[in-house]
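Raw work_4.txt, compact mmCIF, C-alpha atoms:
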# COMPACT_ATOMS: atom_id res chain seq x y z
CA MET H 1 19.33 -24.88 86.82
CA PRO H 2 19.16 -23.36 90.33
CA PRO H 3 16.92 -20.31 90.76
CA ILE H 4 18.56 -16.85 90.64
CA ASP H 5 18.48 -15.14 94.02
CA PRO H 6 16.77 -11.68 94.19
CA ILE H 7 20.03 -9.79 94.84
CA THR H 8 21.74 -11.24 91.76
CA LYS H 9 18.63 -10.61 89.68
CA ALA H 10 18.51 -6.95 90.78
CA HIS H 11 22.22 -6.52 89.98
CA ALA H 12 21.76 -7.99 86.51
CA ALA H 13 18.85 -5.63 85.85
CA LEU H 14 21.20 -2.67 86.28
CA SER H 15 24.10 -4.21 84.36
CA VAL H 16 24.98 -4.66 80.72
CA ALA H 17 26.38 -7.80 79.14
CA VAL H 18 29.86 -7.23 77.67
CA ASN H 19 31.71 -10.28 76.38
CA GLY H 20 29.29 -12.53 78.24
CA VAL H 21 29.90 -10.82 81.59
CA PHE H 22 27.40 -8.48 83.24
CA ILE H 23 29.07 -5.13 83.91
CA PRO H 24 27.55 -2.36 86.07
CA VAL H 25 26.34 0.41 83.75
CA PRO H 26 28.87 3.02 85.02
CA ALA H 27 31.78 0.67 84.25
CA VAL H 28 30.76 -0.23 80.68
CA VAL H 29 32.84 2.44 78.95
CA GLU H 30 36.03 1.45 80.76
CA ARG H 31 35.45 -2.24 79.95
CA LEU H 32 34.91 -1.49 76.26
CA GLN H 33 38.02 0.66 76.07
CA LYS H 34 40.14 -2.51 75.91
CA PHE H 35 38.73 -3.19 72.42
CA CYS H 36 38.82 0.42 71.16
CA ARG H 37 42.36 1.16 70.06
CA PRO H 38 44.41 3.54 67.96
CA LEU H 39 44.94 2.32 64.41
CA VAL H 40 48.59 1.19 64.41
CA PHE H 41 51.10 1.02 61.57
CA TYR H 42 54.50 -0.67 61.58
CA ASN H 43 57.42 1.56 60.57
CA GLU H 44 60.24 -0.44 59.08
CA GLY H 45 63.66 1.16 59.43
CA HIS H 46 62.54 4.07 61.64
CA ASP H 47 63.53 5.12 65.17
CA HIS H 48 59.99 4.44 66.37
CA ASP H 49 58.62 1.05 65.34
CA ILE H 50 54.98 2.09 65.28
CA SER H 51 52.84 5.13 64.56
CA PHE H 52 49.14 5.88 64.87
CA SER H 53 46.46 7.29 62.60
CA GLY H 54 43.07 7.65 64.25
CA SER H 55 41.06 4.98 66.05
CA CYS H 56 39.54 1.57 65.44
CA LEU H 57 37.38 -1.18 66.97
CA LEU H 58 38.46 -4.79 67.40
CA VAL H 59 35.36 -6.98 67.33
CA ARG H 60 34.82 -10.76 67.14
CA HIS H 61 31.74 -10.96 64.93
CA ARG H 62 30.25 -14.42 64.42
CA GLY H 63 33.58 -16.16 64.90
CA ARG H 64 35.60 -13.72 62.80
CA ASN H 65 38.17 -11.30 64.24
CA LEU H 66 37.58 -7.93 62.59
CA LEU H 67 39.19 -4.50 62.82
CA LEU H 68 36.82 -1.67 61.87
CA SER H 69 38.11 1.75 60.84
CA THR H 70 37.93 4.19 57.92
CA ARG H 71 40.08 4.03 54.83
CA HIS H 72 40.90 7.77 54.86
CA GLN H 73 42.99 7.02 57.95
CA LEU H 74 45.34 5.21 55.57
CA THR H 75 45.30 7.72 52.73
CA ASN H 76 45.73 10.75 55.01
CA ALA H 77 48.78 9.12 56.61
CA GLU H 78 50.07 7.91 53.22
CA ARG H 79 50.03 4.31 54.43
CA THR H 80 48.87 1.02 52.93
CA SER H 81 46.72 -1.71 54.42
CA ASN H 82 49.65 -4.17 54.63
CA GLU H 83 51.28 -1.85 57.20
CA ILE H 84 48.37 -2.16 59.65
CA ILE H 85 49.13 -4.19 62.77
CA ILE H 86 47.61 -5.04 66.11
CA VAL H 87 50.00 -5.31 69.03
CA VAL H 88 49.69 -8.42 71.23
CA ASP H 89 51.77 -10.25 73.82
CA GLY H 90 53.83 -13.15 72.43
CA ASN H 91 54.63 -16.37 74.27
CA ASP H 92 58.09 -15.07 75.13
CA GLY H 93 56.67 -12.08 76.99
CA ARG H 94 57.59 -9.59 74.27
CA ARG H 95 55.02 -7.53 72.42
CA VAL H 96 54.61 -8.35 68.75
CA GLY H 97 52.74 -6.79 65.84
CA ILE H 98 50.42 -8.90 63.70
CA ASN H 99 49.24 -7.99 60.21
CA PRO H 100 45.70 -8.77 59.05
CA ASN H 101 45.05 -11.72 56.75
CA GLU H 102 42.58 -9.79 54.60
CA VAL H 103 41.48 -6.18 54.18
CA SER H 104 38.21 -5.06 52.56
CA GLN H 105 37.28 -1.51 51.57
CA ALA H 106 33.79 -0.32 50.81
CA VAL H 107 33.19 0.54 47.17
CA LEU H 108 30.17 2.49 45.95
CA ASP H 109 28.26 1.32 42.92
CA PRO H 110 29.02 3.71 39.99
CA SER H 111 25.30 4.48 39.77
CA CYS H 112 25.23 5.80 43.34
CA ASP H 113 25.07 9.52 44.01
CA ALA H 114 28.61 10.80 44.56
CA ALA H 115 27.26 12.94 47.41
CA TYR H 116 27.07 9.74 49.45
CA SER H 117 30.75 8.93 48.98
CA ASP H 118 31.37 9.07 52.76
CA LEU H 119 29.45 5.80 53.06
CA ALA H 120 32.30 4.16 51.15
CA ASP H 121 34.88 5.39 53.66
CA LEU H 122 34.91 2.06 55.48
CA LEU H 123 37.76 -0.38 56.02
CA ILE H 124 37.55 -3.82 57.61
CA ALA H 125 40.62 -5.97 58.30
CA GLU H 126 40.27 -9.62 59.30
CA TYR H 127 42.65 -11.55 61.56
CA SER H 128 42.80 -15.33 61.43
CA THR H 129 42.09 -17.23 64.63
CA ARG H 130 44.63 -19.87 63.62
CA ARG H 131 47.56 -18.48 65.59
CA PRO H 132 48.23 -21.12 68.26
CA GLU H 133 51.50 -19.46 69.26
CA ARG H 134 49.78 -16.09 69.76
CA PRO H 135 46.12 -16.40 70.78
CA ILE H 136 44.35 -13.20 69.79
CA GLU H 137 40.65 -13.80 70.52
CA ALA H 138 40.87 -12.03 73.88
CA HIS H 139 41.79 -8.80 72.10
CA PHE H 140 38.45 -8.69 70.26
CA LEU H 141 35.05 -7.75 71.66
CA SER H 142 32.67 -10.67 71.22
CA TYR H 143 29.70 -8.86 69.71
CA ASP H 144 27.25 -9.77 66.97
CA LEU H 145 27.01 -6.65 64.81
CA THR H 146 24.14 -8.15 62.81
CA THR H 147 21.74 -8.54 65.73
CA ALA H 148 22.89 -5.54 67.82
CA ALA H 149 20.37 -2.74 68.28
CA ASP H 150 21.18 0.50 66.44
CA LEU H 151 20.03 4.11 66.58
CA GLN H 152 17.57 3.58 63.76
CA THR H 153 15.72 0.70 65.43
CA VAL H 154 15.55 1.88 69.04
CA ASP H 155 13.02 4.46 70.26
CA PRO H 156 15.06 7.62 71.02
CA SER H 157 13.21 7.97 74.34
CA ALA H 158 14.69 4.61 75.44
CA ILE H 159 18.29 5.65 74.76
CA ASP H 160 20.09 6.44 78.00
CA ALA H 161 23.59 7.31 76.79
CA ILE H 162 25.50 7.50 73.50
CA PHE H 163 29.26 7.42 73.74
CA SER H 164 32.43 6.96 71.73
CA ILE H 165 35.96 5.89 72.67
CA GLY H 166 38.75 7.29 70.53
CA TYR H 167 42.34 8.51 70.35
CA PRO H 168 42.72 12.19 69.35
CA THR H 169 45.97 13.01 67.59
CA VAL H 170 46.66 15.91 69.99
CA ASP H 171 47.00 13.37 72.80
CA THR H 172 49.58 11.22 71.03
CA SER H 173 53.16 11.81 72.16
CA TYR H 174 56.54 10.49 71.05
CA GLU H 175 58.92 10.11 73.99
CA PRO H 176 62.57 9.40 73.00
CA GLU H 177 64.83 7.10 75.03
CA PHE H 178 68.59 7.80 75.24
CA ASP H 179 71.54 5.82 76.56
CA ASP H 180 74.20 7.21 78.93
CA ASP H 181 75.94 8.88 75.99
CA TRP H 182 72.70 10.56 74.89
CA CYS H 183 72.43 8.40 71.82
CA LEU H 184 68.87 7.68 70.74
CA VAL H 185 68.01 4.03 71.45
CA GLY H 186 64.27 4.11 70.86
CA VAL H 187 61.04 6.06 70.97
CA ASP H 188 58.00 5.28 73.11
CA VAL H 189 54.73 6.20 71.42
CA VAL H 190 51.88 6.98 73.82
CA SER H 191 48.28 7.53 72.69
CA ARG H 192 45.68 8.57 75.29
CA TRP H 193 42.03 7.69 74.95
CA TRP H 194 38.97 9.88 75.40
CA LYS H 195 35.37 8.99 76.09
CA LEU H 196 32.89 11.32 74.43
CA TYR H 197 29.21 11.44 75.36
CA LEU H 198 26.97 12.31 72.43
CA LYS H 199 23.33 12.89 71.51
CA LEU H 200 21.24 12.69 68.35
CA ALA H 201 21.21 15.86 66.26
CA VAL H 202 19.26 17.35 63.38
CA ALA H 203 21.17 17.41 60.11
CA THR H 204 22.66 20.73 58.96
CA GLU H 205 24.52 21.91 55.86
CA TRP H 206 27.79 20.81 57.48
CA ASP H 207 26.70 17.17 57.77
CA ALA H 208 27.47 14.74 54.96
CA PRO H 209 24.56 12.99 53.20
CA GLY H 210 23.86 9.47 54.38
CA LEU H 211 25.70 9.86 57.70
CA ILE H 212 24.18 10.22 61.19
CA PRO H 213 24.95 13.54 62.93
CA LEU H 214 25.68 13.60 66.67
CA ASP H 215 26.41 16.51 69.00
CA PRO H 216 28.14 16.60 72.41
CA ALA H 217 25.62 15.42 75.01
CA ALA H 218 26.03 18.62 77.04
CA SER H 219 27.42 22.09 76.31
CA LYS H 220 29.89 21.72 79.18
CA ASN H 221 31.32 18.43 77.86
CA LEU H 222 35.10 18.33 78.03
CA LEU H 223 36.37 17.92 74.46
CA PRO H 224 39.81 17.48 72.89
CA THR H 225 41.18 20.70 71.43
CA ASP H 226 41.08 18.99 68.02
CA LEU H 227 38.92 16.01 67.00
CA ASP H 228 41.48 14.79 64.48
CA GLY H 229 42.18 11.15 65.30
CA LEU H 230 38.60 10.24 66.19
CA SER H 231 37.99 8.83 62.71
CA GLY H 232 37.35 5.11 63.06
CA ALA H 233 36.25 5.41 66.68
CA PRO H 234 33.20 3.22 67.44
CA VAL H 235 30.00 4.74 68.81
CA PHE H 236 27.99 2.64 71.26
CA PHE H 237 24.87 3.38 73.26
CA ILE H 238 23.01 2.01 76.27
CA HIS H 239 19.24 1.71 76.19
CA GLY H 240 16.51 0.21 78.36
CA ILE H 241 17.58 1.33 81.83
CA GLY H 242 14.09 2.72 82.47
CA ALA H 243 12.64 -0.73 81.80
CA ARG H 244 15.35 -2.28 84.00
CA LYS H 245 16.65 -4.19 80.99
CA PRO H 246 19.71 -2.21 79.88
CA GLU H 247 21.46 -3.40 76.73
CA LEU H 248 24.45 -2.32 74.70
CA GLY H 249 23.72 -1.04 71.20
CA PHE H 250 26.06 -0.23 68.32
CA ALA H 251 25.53 3.06 66.48
CA GLY H 252 28.41 3.00 63.97
CA ILE H 253 31.87 4.53 63.53
CA ILE H 254 32.98 8.16 63.34
CA VAL H 255 34.00 9.47 59.92
CA ARG H 256 34.34 13.20 60.50
CA GLY H 257 34.04 15.84 63.21
CA ASN H 258 34.36 19.57 63.81
CA LYS H 259 35.80 21.82 66.50
CA ARG H 260 32.45 22.07 68.30
CA GLY H 261 32.45 18.34 68.95
CA ARG H 262 29.85 17.49 66.33
CA VAL H 263 30.55 14.21 64.54
CA ASN H 264 29.15 12.24 61.63
CA ILE H 265 29.05 8.45 61.76
CA ILE H 266 28.61 5.65 59.28
CA ALA H 267 25.48 3.95 60.61
CA ALA H 268 25.56 0.39 61.93
CA ALA H 269 23.03 -0.57 59.23
CA GLN H 270 25.50 0.43 56.51
CA ILE H 271 28.26 -1.56 58.20
CA ARG H 272 25.99 -4.62 58.36
CA GLN H 273 25.32 -4.33 54.63
CA PHE H 274 29.05 -4.16 53.95
CA LEU H 275 29.68 -7.22 56.14
CA ALA H 276 26.99 -9.16 54.32
CA LEU H 277 28.47 -8.21 50.94
CA HIS H 278 32.14 -8.80 51.67
CA HIS H 279 32.08 -11.34 54.50
CA GLY H 280 28.97 -13.33 53.63
CA ARG H 281 27.16 -12.67 56.93
Once you've parsed the file, please lay out its structure as structure tokens.
Amino acid sequence: MPPIDPITKAHAALSVAVNGVFIPVPAVVERLQKFCRPLVFYNEGHDHDISFSGSCLLVRHRGRNLLLSTRHQLTNAERTSNEIIIVVDGNDGRRVGINPNEVSQAVLDPSCDAAYSDLADLLIAEYSTRRPERPIEAHFLSYDLTTAADLQTVDPSAIDAIFSIGYPTVDTSYEPEFDDDWCLVGVDVVSRWWKLYLKLAVATEWDAPGLIPLDPAASKNLLPTDLDGLSGAPVFFIHGIGARKPELGFAGIIVRGNKRGRVNIIAAAQIRQFLALHHGR
């Protein structure tokens, strides 16, 4: 293997690997946004084919294509798991919706304290790779959730930025399309994404037991007027810039939030346990 020249080595030291490609630290959030999507449902027999309920992460974990979200996103919208879809480009150039092959929901042991019920608010849908007519791997972030650093294993002083990418409900719009006779021919649904910078917080009475509390990183942070829709949004972090070895860590997914921008997340460690129980790895 040829030696790495000093310029390339210096660039890599200030970049983070995302999907096997080194990305400059300032561009990491925008690159990850491709894999952080609104949770989409198919509406059969309605004017608008799809609707949204919160956020989700598409991740390719150890060869398996997984969608991570929370199950209250289904119950609050009165939807079922068989209505979940991801939207991809078909071979004919048209966009198509694909249902998951399997959906798992976290279930607490009856002996567990009911106060920790939020830990069971986890939903994982799996999409088969065997779709030769519609390759879907590119829609999933290649990321090993089992070996990824998390907030409980990294020294807080080494954490450079904590951030989430989600789709607040207040920024979802339904834009009707009419023909020349003003007859409705369709509805475009647009959901706009936000990036939120966060920091570790001390638990208060508002925070749910077993979840990790996070506050806005700065008091002047621009926030959505309502955090509804951020459920299911993944929380990542970057650490190691000071040591010139920045890496991408996974903190968990958002379960709840308040008007001040404070959120609670299901920790990555809990998600790993669920994956090991239901997906065997």
Stretch 56-156 of chain H residues near stretch 228-245 of chain H within 8 Å, closest pair each, using only C-alpha atoms, as a tab-separated table:
residue	atom	partner	partner_atom	distance
H:Cys56	CA	H:Gly232	CA	4.8
H:Leu57	CA	H:Pro234	CA	6.1
H:Leu68	CA	H:Gly232	CA	6.9
H:Ser69	CA	H:Gly232	CA	4.1
H:Thr70	CA	H:Gly232	CA	5.3
H:Gln73	CA	H:Ser231	CA	7.1
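Distances here use all atoms listed in the file; by that measure, the residue among H:Gly249, H:Val263, H:Thr129, H:Val16 closest to H:Asp150 is H:Gly249.
Residues of protein, DNA or RNA having at least one counted atom within 12 Å of (19.4, -2.5, 63.2), given only C-alpha atoms, are Asp144, Leu145, Thr146, Thr147, Ala148, Ala149, Asp150, Leu151, Gln152, Thr153, Val154, Asp155, Gly249, Phe250, Ala251, Gly252, Ala267, Ala268, Ala269, Gln270, Ile271, Arg272 and Gln273 of chain H.
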Report, in Å with one decimal, the straight-line distance from atom CA of H:Leu123 to atom CA of H:Asn264. 16.3 Å
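The protein and nucleic acid residues lying at most 10 Å from H:Ala201 are Ile212, Pro213, Leu214, Asp215, Pro216, Ala217, Arg262, Val263 and Asn264 of chain H, with only C-alpha atoms considered and sequence neighbours fewer than 5 positions away removed.
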Between atom CA of H:Gly97 and atom CA of H:Tyr143, what is the distance, to one decimal in Å?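 Calculated distance between atom CA of H:Gly97 and atom CA of H:Tyr143 is 23.5 Å.
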Counting all atoms listed in the file, which residue out of H:Val18, H:Asn43, H:Leu275, H:Ala218 sits closest to H:Arg31?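 Distance minimum relative to H:Arg31 lands on H:Val18.
Atom CA of H:Asp49 is positioned 22.1 Å from atom CA of H:Pro135.
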I'd like the neighbourhood of stretch 34-40 of chain H as a PyMOL selection string, where a residue qualifies if any of its atoms comes within 8 Å (using all atoms listed in the file), though same-chain residues fewer than 4 positions away should be ignored. chain H and resi 30+50-59+69+84-86+139-141+165-167+191+233-234
Any chance you could work out the axis-aligned box around stretch 203-211 of chain H, listed atoms only, 4 Å on each side, giving centre and edge lengths in Å to one decimal, as lines of an AutoDock Vina configuration file?
center_x = 24.5
center_y = 15.7
center_z = 56.7
size_x = 14.6
size_y = 20.4
size_z = 14.9
Would you mind telling me which residue in H:Glu126, H:Phe163, H:Ile136, H:His61 lies nearest to H:Lys195 when using all atoms listed in the file?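 Among the listed residues, H:Phe163 lies closest to H:Lys195.
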Choose the residue, out of H:His72, H:Glu137, H:Leu223, H:Glu78, that has the smallest atom-to-atom separation from H:Ala120; count only C-alpha atoms. H:His72
